[in-house]
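Asker: What follows is entry_39.txt, made up of compact mmCIF, C-alpha atoms:
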```txt
# COMPACT_ATOMS: atom_id res chain seq x y z
CA MET A 1 -20.78 55.84 -0.64
CA ARG A 2 -19.85 57.35 2.73
CA ILE A 3 -22.58 57.03 5.35
CA SER A 4 -22.45 59.32 8.39
CA ILE A 5 -25.47 59.06 10.69
CA SER A 6 -25.36 59.67 14.43
CA SER A 7 -27.41 57.78 16.98
CA GLU A 8 -28.90 61.15 18.01
CA ARG A 9 -30.28 61.65 14.51
CA VAL A 10 -31.99 58.25 14.66
CA GLU A 11 -33.55 59.15 18.02
CA GLU A 12 -34.82 62.44 16.56
CA LEU A 13 -36.50 60.54 13.73
CA LYS A 14 -38.06 58.08 16.17
CA GLU A 15 -39.51 60.99 18.11
CA TRP A 16 -40.83 62.58 14.92
CA PHE A 17 -42.42 59.29 13.86
CA GLY A 18 -44.17 58.87 17.21
CA ASP A 19 -45.49 62.43 17.11
CA TYR A 20 -46.63 62.05 13.49
CA VAL A 21 -48.53 58.82 14.14
CA HIS A 22 -50.17 60.42 17.18
CA THR A 23 -51.89 62.91 14.86
CA PHE A 24 -53.97 59.99 13.53
CA GLN A 25 -56.27 59.25 16.46
CA TYR A 26 -59.82 57.94 16.15
CA SER A 27 -62.64 57.34 18.60
CA ASP A 28 -63.84 54.45 16.42
CA PRO A 29 -62.04 51.33 17.77
CA GLU A 30 -61.83 49.65 14.34
CA ARG A 31 -60.16 52.67 12.74
CA GLN A 32 -57.77 53.09 15.65
CA GLN A 33 -56.90 49.39 15.48
CA SER A 34 -55.83 49.86 11.86
CA ILE A 35 -53.59 52.82 12.71
CA ASP A 36 -52.05 50.97 15.66
CA MET A 37 -51.45 47.93 13.47
CA LYS A 38 -49.33 49.99 11.06
CA LYS A 39 -47.46 51.72 13.86
CA TRP A 40 -46.45 48.44 15.50
CA HIS A 41 -45.67 46.93 12.11
CA THR A 42 -43.21 49.74 11.47
CA LEU A 43 -41.48 49.30 14.81
CA ARG A 44 -41.15 45.55 14.26
CA VAL A 45 -39.75 46.08 10.76
CA CYS A 46 -37.12 48.31 12.36
CA ALA A 47 -36.18 45.42 14.65
CA GLU A 48 -36.20 42.91 11.79
CA ILE A 49 -33.97 45.06 9.58
CA SER A 50 -31.49 45.58 12.42
CA SER A 51 -31.36 41.84 13.01
CA LEU A 52 -30.88 41.05 9.32
CA GLY A 53 -28.28 43.79 8.95
CA THR A 54 -26.32 42.50 11.92
CA ARG A 55 -26.32 38.97 10.49
CA LEU A 56 -25.12 40.41 7.18
CA GLY A 57 -22.22 42.21 8.87
CA LEU A 58 -23.31 45.86 8.56
CA ASN A 59 -21.45 48.40 10.67
CA GLU A 60 -23.17 50.76 13.13
CA GLU A 61 -23.80 53.60 10.69
CA GLU A 62 -25.07 51.23 8.01
CA LEU A 63 -27.44 49.73 10.60
CA ARG A 64 -28.69 53.22 11.49
CA LEU A 65 -29.38 53.94 7.83
CA ALA A 66 -31.26 50.65 7.50
CA GLU A 67 -33.34 51.44 10.60
CA ILE A 68 -34.27 54.88 9.25
CA ILE A 69 -35.42 53.38 5.96
CA ALA A 70 -37.51 50.84 7.87
CA MET A 71 -38.99 53.55 10.09
CA LEU A 72 -40.12 55.55 7.06
CA HIS A 73 -41.01 52.78 4.62
CA ASP A 74 -44.73 52.75 5.48
CA VAL A 75 -45.18 56.34 6.66
CA GLY A 76 -47.58 56.89 3.75
CA ARG A 77 -49.99 54.30 5.17
CA PHE A 78 -51.32 56.73 7.79
CA GLU A 79 -52.33 59.42 5.31
CA GLN A 80 -53.66 56.71 2.99
CA TYR A 81 -55.97 55.36 5.69
CA ALA A 82 -57.04 58.83 6.78
CA ARG A 83 -58.03 59.77 3.23
CA TYR A 84 -59.47 56.50 1.95
CA ARG A 85 -60.02 54.22 4.97
CA THR A 86 -58.22 51.40 3.20
CA PHE A 87 -54.70 50.03 2.89
CA VAL A 88 -55.35 48.77 -0.65
CA ASP A 89 -53.29 50.86 -3.05
CA GLY A 90 -55.51 49.89 -5.97
CA ARG A 91 -58.51 51.49 -4.27
CA SER A 92 -56.63 54.60 -3.15
CA GLU A 93 -53.05 55.69 -3.91
CA ASN A 94 -49.62 54.13 -3.96
CA HIS A 95 -48.67 54.30 -0.28
CA ALA A 96 -44.95 54.45 -1.10
CA GLU A 97 -45.45 57.63 -3.12
CA LEU A 98 -47.63 59.05 -0.35
CA GLY A 99 -44.78 58.26 2.01
CA VAL A 100 -42.24 60.07 -0.17
CA ALA A 101 -44.54 63.11 -0.29
CA THR A 102 -44.84 63.03 3.52
CA ILE A 103 -41.07 62.74 3.99
CA MET A 104 -40.27 65.55 1.57
CA GLY A 105 -43.03 67.79 2.87
CA SER A 106 -42.00 67.37 6.51
CA GLY A 107 -38.35 68.33 6.04
CA ILE A 108 -37.28 65.60 8.46
CA LEU A 109 -34.32 64.63 6.26
CA ASP A 110 -33.10 68.15 5.55
CA LEU A 111 -30.06 67.78 7.84
CA PHE A 112 -28.82 64.67 6.04
CA ASP A 113 -26.27 64.71 3.25
CA ASP A 114 -27.95 64.94 -0.16
CA ALA A 115 -26.75 61.48 -1.19
CA VAL A 116 -28.00 59.82 2.01
CA ARG A 117 -31.33 61.66 1.89
CA ASP A 118 -31.82 60.61 -1.73
CA LEU A 119 -30.96 57.00 -0.91
CA ILE A 120 -33.54 56.90 1.90
CA VAL A 121 -36.24 58.39 -0.32
CA ARG A 122 -35.54 56.02 -3.21
CA SER A 123 -35.56 52.99 -0.90
CA VAL A 124 -38.95 54.03 0.48
CA ARG A 125 -40.24 54.62 -3.06
CA TYR A 126 -39.15 51.16 -4.21
CA HIS A 127 -40.14 49.10 -1.18
CA ASN A 128 -43.53 47.98 -2.53
CA ARG A 129 -42.76 47.67 -6.23
CA ALA A 130 -43.26 44.37 -8.00
CA SER A 131 -39.59 44.53 -9.01
CA LEU A 132 -36.67 46.86 -8.45
CA PRO A 133 -35.29 49.08 -11.24
CA SER A 134 -32.31 47.54 -13.01
CA ASP A 135 -30.52 50.86 -13.48
CA GLU A 136 -30.20 51.72 -9.77
CA SER A 137 -26.95 51.86 -7.80
CA GLU A 138 -25.86 48.73 -5.97
CA THR A 139 -26.06 50.59 -2.66
CA CYS A 140 -29.67 51.62 -3.23
CA LEU A 141 -30.59 48.14 -4.43
CA PHE A 142 -29.01 46.60 -1.33
CA TYR A 143 -31.00 48.75 1.12
CA SER A 144 -34.17 48.40 -0.95
CA ARG A 145 -33.83 44.61 -0.85
CA LEU A 146 -33.08 44.71 2.85
CA VAL A 147 -36.22 46.69 3.74
CA ARG A 148 -38.32 44.51 1.42
CA ASP A 149 -37.11 41.39 3.26
CA ALA A 150 -37.68 42.91 6.71
CA ASP A 151 -41.13 44.07 5.63
CA LYS A 152 -42.09 40.60 4.44
CA LEU A 153 -40.87 38.97 7.63
CA ASP A 154 -43.14 41.10 9.77
CA ILE A 155 -46.13 40.79 7.43
CA TRP A 156 -45.72 37.01 7.61
CA LYS A 157 -45.76 37.30 11.40
CA VAL A 158 -48.85 39.54 11.37
CA VAL A 159 -50.89 37.37 9.01
CA THR A 160 -49.99 34.06 10.65
CA ASP A 161 -50.89 35.47 14.08
CA HIS A 162 -54.14 36.74 12.60
CA TYR A 163 -55.11 33.48 10.91
CA LEU A 164 -54.67 31.65 14.21
CA ARG A 165 -57.03 33.95 16.09
CA LYS A 166 -59.25 35.48 13.40
CA ASP A 167 -62.46 34.00 14.82
CA LYS A 168 -61.83 35.64 18.20
CA ASP A 169 -60.24 38.86 16.97
CA PRO A 170 -61.35 39.72 13.41
CA ASN A 171 -59.48 42.40 11.49
CA LYS A 172 -60.85 43.33 8.08
CA ALA A 173 -57.87 45.54 7.28
CA ILE A 174 -55.48 42.57 7.33
CA GLU A 175 -57.68 40.57 4.94
CA LEU A 176 -58.33 43.57 2.65
CA ASP A 177 -62.07 42.85 2.98
CA LEU A 178 -61.68 39.80 0.72
CA PRO A 179 -64.39 37.12 0.78
CA ASP A 180 -63.46 33.88 2.56
CA THR A 181 -64.78 31.61 -0.21
CA PRO A 182 -63.60 28.12 -1.30
CA GLY A 183 -60.86 27.44 -3.82
CA PHE A 184 -58.39 29.79 -5.45
CA SER A 185 -57.90 31.44 -8.83
CA GLU A 186 -56.19 29.71 -11.75
CA GLU A 187 -54.12 32.83 -12.42
CA VAL A 188 -52.84 32.92 -8.83
CA TYR A 189 -51.95 29.22 -8.91
CA HIS A 190 -49.98 29.65 -12.15
CA ASP A 191 -48.19 32.75 -10.85
CA VAL A 192 -46.92 30.83 -7.82
CA MET A 193 -46.07 27.68 -9.77
CA ASN A 194 -43.99 29.81 -12.14
CA LYS A 195 -42.25 31.50 -9.18
CA ARG A 196 -43.74 34.87 -10.03
CA ILE A 197 -44.98 37.42 -7.53
CA VAL A 198 -48.75 37.13 -7.68
CA ASN A 199 -50.44 39.95 -9.56
CA MET A 200 -52.86 41.74 -7.21
CA ALA A 201 -55.31 42.00 -10.10
CA HIS A 202 -55.69 38.20 -9.90
CA ILE A 203 -56.72 38.20 -6.21
CA LYS A 204 -60.40 37.26 -5.85
CA ASN A 205 -60.67 35.77 -2.36
CA LEU A 206 -58.79 35.19 0.91
CA ASN A 207 -57.21 31.95 -0.32
CA ASP A 208 -55.72 33.84 -3.27
CA PHE A 209 -54.31 36.38 -0.83
CA LYS A 210 -52.75 33.60 1.25
CA LEU A 211 -51.09 32.15 -1.86
CA LEU A 212 -49.74 35.61 -2.68
CA GLN A 213 -48.21 35.73 0.80
CA ILE A 214 -46.70 32.28 0.34
CA GLY A 215 -45.30 33.31 -3.06
CA TRP A 216 -43.38 36.22 -1.55
CA VAL A 217 -40.69 33.68 -0.71
CA PHE A 218 -39.57 33.89 -4.35
CA ASP A 219 -38.73 37.57 -3.78
CA VAL A 220 -36.56 37.01 -0.71
CA ASN A 221 -33.09 38.46 -1.19
CA PHE A 222 -30.90 37.26 1.69
CA GLN A 223 -30.16 33.89 3.27
CA PRO A 224 -30.78 35.14 6.85
CA THR A 225 -34.31 36.03 5.74
CA LEU A 226 -34.93 32.52 4.45
CA ASP A 227 -33.49 31.16 7.68
CA ARG A 228 -36.04 33.22 9.65
CA VAL A 229 -38.89 32.04 7.43
CA ARG A 230 -37.93 28.44 8.11
CA GLU A 231 -37.32 28.95 11.85
CA CYS A 232 -40.71 30.64 12.35
CA ARG A 233 -42.62 28.23 10.08
CA TYR A 234 -44.50 31.12 8.49
CA LEU A 235 -45.24 29.35 5.20
CA GLU A 236 -46.29 26.14 6.89
CA MET A 237 -48.67 28.05 9.17
CA ILE A 238 -50.34 29.71 6.20
CA ARG A 239 -50.54 26.33 4.48
CA GLU A 240 -52.38 24.89 7.47
CA THR A 241 -55.17 27.45 6.94
CA LEU A 242 -55.67 26.42 3.29
CA PRO A 243 -57.83 23.48 2.20
CA PRO A 244 -55.55 20.48 1.48
CA SER A 245 -55.22 19.64 -2.20
CA GLU A 246 -52.79 18.22 -4.71
CA ARG A 247 -52.23 21.70 -6.11
CA ILE A 248 -51.15 23.04 -2.72
CA ASN A 249 -48.74 20.09 -2.48
CA ARG A 250 -47.29 21.04 -5.86
CA ILE A 251 -46.84 24.65 -4.82
CA PHE A 252 -44.90 23.63 -1.71
CA GLY A 253 -42.86 21.18 -3.75
CA VAL A 254 -41.72 24.07 -5.97
CA ILE A 255 -40.96 26.22 -2.91
CA ASP A 256 -38.93 23.48 -1.20
CA ARG A 257 -36.87 22.80 -4.31
CA SER A 258 -36.32 26.47 -5.14
CA CYS A 259 -35.78 28.10 -1.75
CA PHE A 260 -34.84 25.60 0.94
CA ARG A 261 -32.27 23.30 -0.63
```
Take the structure from the file and write it as structure tokens.

Answerer:
Amino acid sequence: MRISISSERVEELKEWFGDYVHTFQYSDPERQQSIDMKKWHTLRVCAEISSLGTRLGLNEEELRLAEIIAMLHDVGRFEQYARYRTFVDGRSENHAELGVATIMGSGILDLFDDAVRDLIVRSVRYHNRASLPSDESETCLFYSRLVRDADKLDIWKVVTDHYLRKDKDPNKAIELDLPDTPGFSEEVYHDVMNKRIVNMAHIKNLNDFKLLQIGWVFDVNFQPTLDRVRECRYLEMIRETLPPSERINRIFGVIDRSCFR
């Protein structure tokens, strides 16, 4: 597939994104904090995907495509929060589909080739799925995997920063309003031990949510991503916020054997 994207087109999309996010302004500090959180998340995912793409040897136009996908991957979050005041898809709508509707309704990709526009839209649509469709093109699967990895890297950064300072700077949106109660669910434990992405329906408390975040490592697609996880100690930092137990030791034993050897 031939990719032709100018640096000017990327700058136009950055300007559109900034203007679009600016339409979601609130006088309530908690609501504005949630919008700002998603804006900065998006910008950091753009940086993460560029770094991963460079380490994977992408050329300039491939890197521009990756950055555009990252810039648009969570654009549905803003409308989701405006409508429902939550980032939980199960309590509102699938934010990826909201994002696709926003992209298509805005016309921001109208000047792109049909094939490139379709690839961007499909990558946004797939970025939050439990698994990617097996009948997709290799090019689409590559960019979908790339944005999924970049997304995870920044979410790991956000949640580990939050857990370190949550007492001083609480943020209910990050914790999905989950209760901070002892223990964790049997279903969540078995999902992680079997190297499955944790089913959101099994999440009952904050510890379950932390195990879900730890279990994302089984859905990492590229070695540079795993290298970043190890360098930044994201999984270890989440582990330090969990109550020590033999079961937690077993989970990390499975992760070490499966991902870091």

Asker: Quick one: everything within 12 Å of Trp16 of chain A, counting all atoms listed in the file, minus sequence neighbours fewer than 2 positions away in the same chain. Send it as a VMD selection string.

Answerer: chain A and resid 9 to 14 18 to 23 68 71 to 72 75 103 106 to 109

Asker: How far is it from atom CA of Pro133 of chain A to atom CA of Leu98 of chain A, in Å with one decimal?

Answerer: 19.2 Å

Asker: Can you pull out the residues contacting Phe87 of chain A? Cut-off 8 Å, using all atoms listed in the file, and skip same-chain residues under 2 positions away; I want them as a list in words.

Answerer: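 Everything that qualifies: Arg77, Gln80, Tyr81, Arg85, Asp89, Ser92, Ala173 and Leu176 of chain A.
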
Asker: Which one is closest to Thr181 of chain A: A:Leu242, A:Cys232, A:Ser131, A:Met193? Count all atoms listed in the file.

Answerer: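 Selected residue with least distance to Thr181 of chain A: A:Leu242.
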
Asker: So that I can see what lies close to Lys172 of chain A, please list as a PyMOL selection string the residues with an atom at most 12 Å from it, counting all atoms listed in the file and leaving out residues fewer than 2 positions away in the same chain.

Answerer: chain A and resi 30-31+33-34+37+85-88+159+162-163+166-167+169-170+174-180+206

Asker: Convert the current residue selection to file output with C-alpha atoms, as a CSV table (one decimal), keeping the file's coordinate frame.

Answerer:
```csv
chain,number,residue,atom,x,y,z
A,30,GLU,CA,-61.8,49.6,14.3
A,31,ARG,CA,-60.2,52.7,12.7
A,33,GLN,CA,-56.9,49.4,15.5
A,34,SER,CA,-55.8,49.9,11.9
A,37,MET,CA,-51.4,47.9,13.5
A,85,ARG,CA,-60.0,54.2,5.0
A,86,THR,CA,-58.2,51.4,3.2
A,87,PHE,CA,-54.7,50.0,2.9
A,88,VAL,CA,-55.4,48.8,-0.6
A,159,VAL,CA,-50.9,37.4,9.0
A,162,HIS,CA,-54.1,36.7,12.6
A,163,TYR,CA,-55.1,33.5,10.9
A,166,LYS,CA,-59.2,35.5,13.4
A,167,ASP,CA,-62.5,34.0,14.8
A,169,ASP,CA,-60.2,38.9,17.0
A,170,PRO,CA,-61.4,39.7,13.4
A,174,ILE,CA,-55.5,42.6,7.3
A,175,GLU,CA,-57.7,40.6,4.9
A,176,LEU,CA,-58.3,43.6,2.6
A,177,ASP,CA,-62.1,42.8,3.0
A,178,LEU,CA,-61.7,39.8,0.7
A,179,PRO,CA,-64.4,37.1,0.8
A,180,ASP,CA,-63.5,33.9,2.6
A,206,LEU,CA,-58.8,35.2,0.9
```

Asker: Between atom CA of Gln32 of chain A and atom CA of Glu240 of chain A, what is the spacing in Å?

Answerer: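 Those two atoms sit 29.9 Å apart.
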
Asker: Select, from A:Ile35, A:Leu211, A:Ala66, A:Ala150, the residue with the minimum atom-to-atom distance to Arg228 of chain A, counting only C-alpha atoms.

Answerer: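 Closest to Arg228 of chain A of all the choices is A:Ala150.
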
Asker: Can you list, as a list in words, every protein, DNA or RNA residue that comes within 9 Å of segment 137-144 of chain A when you count all atoms listed in the file, leaving out same-chain residues fewer than 4 positions away?

Answerer: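 My reading of the contact set: Met1, Leu65, Ala66, Ile69, Leu119, Ile120, Arg122, Ser123, Val124, Arg125, Tyr126, His127, Leu132, Pro133, Arg148 and Asp149 of chain A.
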
Asker: Can you write just those residues out, C-alpha atoms, as a compact mmCIF listing (two decimals), in the coordinates of the input?

Answerer:
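Result file follows (again-v4.txt):
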```txt
# COMPACT_ATOMS: atom_id res chain seq x y z
CA MET A 1 -20.78 55.84 -0.64
CA LEU A 65 -29.38 53.94 7.83
CA ALA A 66 -31.26 50.65 7.50
CA ILE A 69 -35.42 53.38 5.96
CA LEU A 119 -30.96 57.00 -0.91
CA ILE A 120 -33.54 56.90 1.90
CA ARG A 122 -35.54 56.02 -3.21
CA SER A 123 -35.56 52.99 -0.90
CA VAL A 124 -38.95 54.03 0.48
CA ARG A 125 -40.24 54.62 -3.06
CA TYR A 126 -39.15 51.16 -4.21
CA HIS A 127 -40.14 49.10 -1.18
CA LEU A 132 -36.67 46.86 -8.45
CA PRO A 133 -35.29 49.08 -11.24
CA ARG A 148 -38.32 44.51 1.42
CA ASP A 149 -37.11 41.39 3.26
```

Asker: Between A:Glu15, A:Asp154, A:Arg145, A:Asp208, single out the one closest to Ala47 of chain A, counting only C-alpha atoms.

Answerer: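 Going through A:Glu15, A:Asp154, A:Arg145, A:Asp208 one by one, the smallest distance to Ala47 of chain A is for A:Asp154.
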
Asker: Using all atoms listed in the file, can you tell me which of A:Phe24, A:Tyr234, A:Phe78, A:Phe112 comes closest to Leu153 of chain A?

Answerer: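 Among the listed residues, A:Tyr234 lies closest to Leu153 of chain A.
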
Asker: Counting only C-alpha atoms, what is within 10 Å of Glu187 of chain A, bar same-chain residues fewer than 5 positions away, as JSON, numbers by chain?

Answerer: {"A": [192, 193, 198, 199, 201, 202, 203, 208]}
